[in-house]
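Below is one structure, written out as structure tokens; comments come after it.
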Amino acid sequence: MKLKSILLEILIVLFMAGSFYVTAFFEGGLGKSTDFIVGVTSGALLGFYFWYWGAKRDLKLTEHPNAEKYIQIWQYLMLFMAISSFAILVLYVKDIISDPKLLV
């Protein structure tokens, strides 16, 4: 169970790093007026990750009987958010998605 948790953490961090890389260094630069939304999406992902870490720490400190299950649910939710954010940002950068309102 511990190895699975560590692998989930690594996947979350890798997809988050990919999202930040796409946001900061994609070809063409942040030239459009709607690119502010791309940065907000990455910032929201980072905020959600800090919230995840706070909840994980709180569950471990309170010694909740189902802490491991709740942490695993948080990990899957965070992994879903990181993959979704990465996919949407890549599609937006490649001009496959042209409406930035879909990012929010």
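Every chain in the structure tokens takes a letter, A first, then B, and so on in the order presented; its residues are numbered from 1, and the ligands are numbered from 1 following the presented order.
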Query raised in the report: Can you tell me, as a PyMOL selection string, what residues are no more than 8 Å from Met78 in chain A when counting only C-alpha atoms, ignoring any on the same chain fewer than 3 positions away?
Result: chain A and resi 12+48-49+52+74-75+81-82
Report task. Go through A:Ser19, A:Ser5, A:Ser42, A:Ser85 and flag the residue nearest Ile73 in chain A, using only C-alpha atoms for the distances. Result ->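 Ranking A:Ser19, A:Ser5, A:Ser42, A:Ser85 by distance to Ile73 in chain A, first place goes to A:Ser5.
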Query raised in the report: Distance CA of Tyr92 in chain A-CA of Val38 in chain A, one decimal place?
Result: 8.5 Å
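Each of A:Val13, A:Val40, A:Ala55, A:Leu45 was checked against Gln72 in chain A using only C-alpha atoms; the smallest atom-to-atom distance is that of A:Ala55.
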Report summary line: Using only C-alpha atoms, the best pick from A:Glu68, A:Ile10, A:Met16, A:Gly47 as closest to Ser84 in chain A would be A:Met16
Report task. Using only C-alpha atoms, pick whichever of A:Phe25, A:Gly18, A:Lys60, A:Ile71 has the shortest atom-to-atom distance to Ile6 in chain A. Result -> A:Ile71
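Between CA of Phe80 in chain A and CA of Trp51 in chain A the interatomic distance comes to 14.9 Å.
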**Report entry** Computed interatomic separation between CA of Trp53 in chain A and CA of Ile83 in chain A (Å)
**Finding:**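 CA of Ile83 in chain A lies 17.7 Å from CA of Trp53 in chain A.
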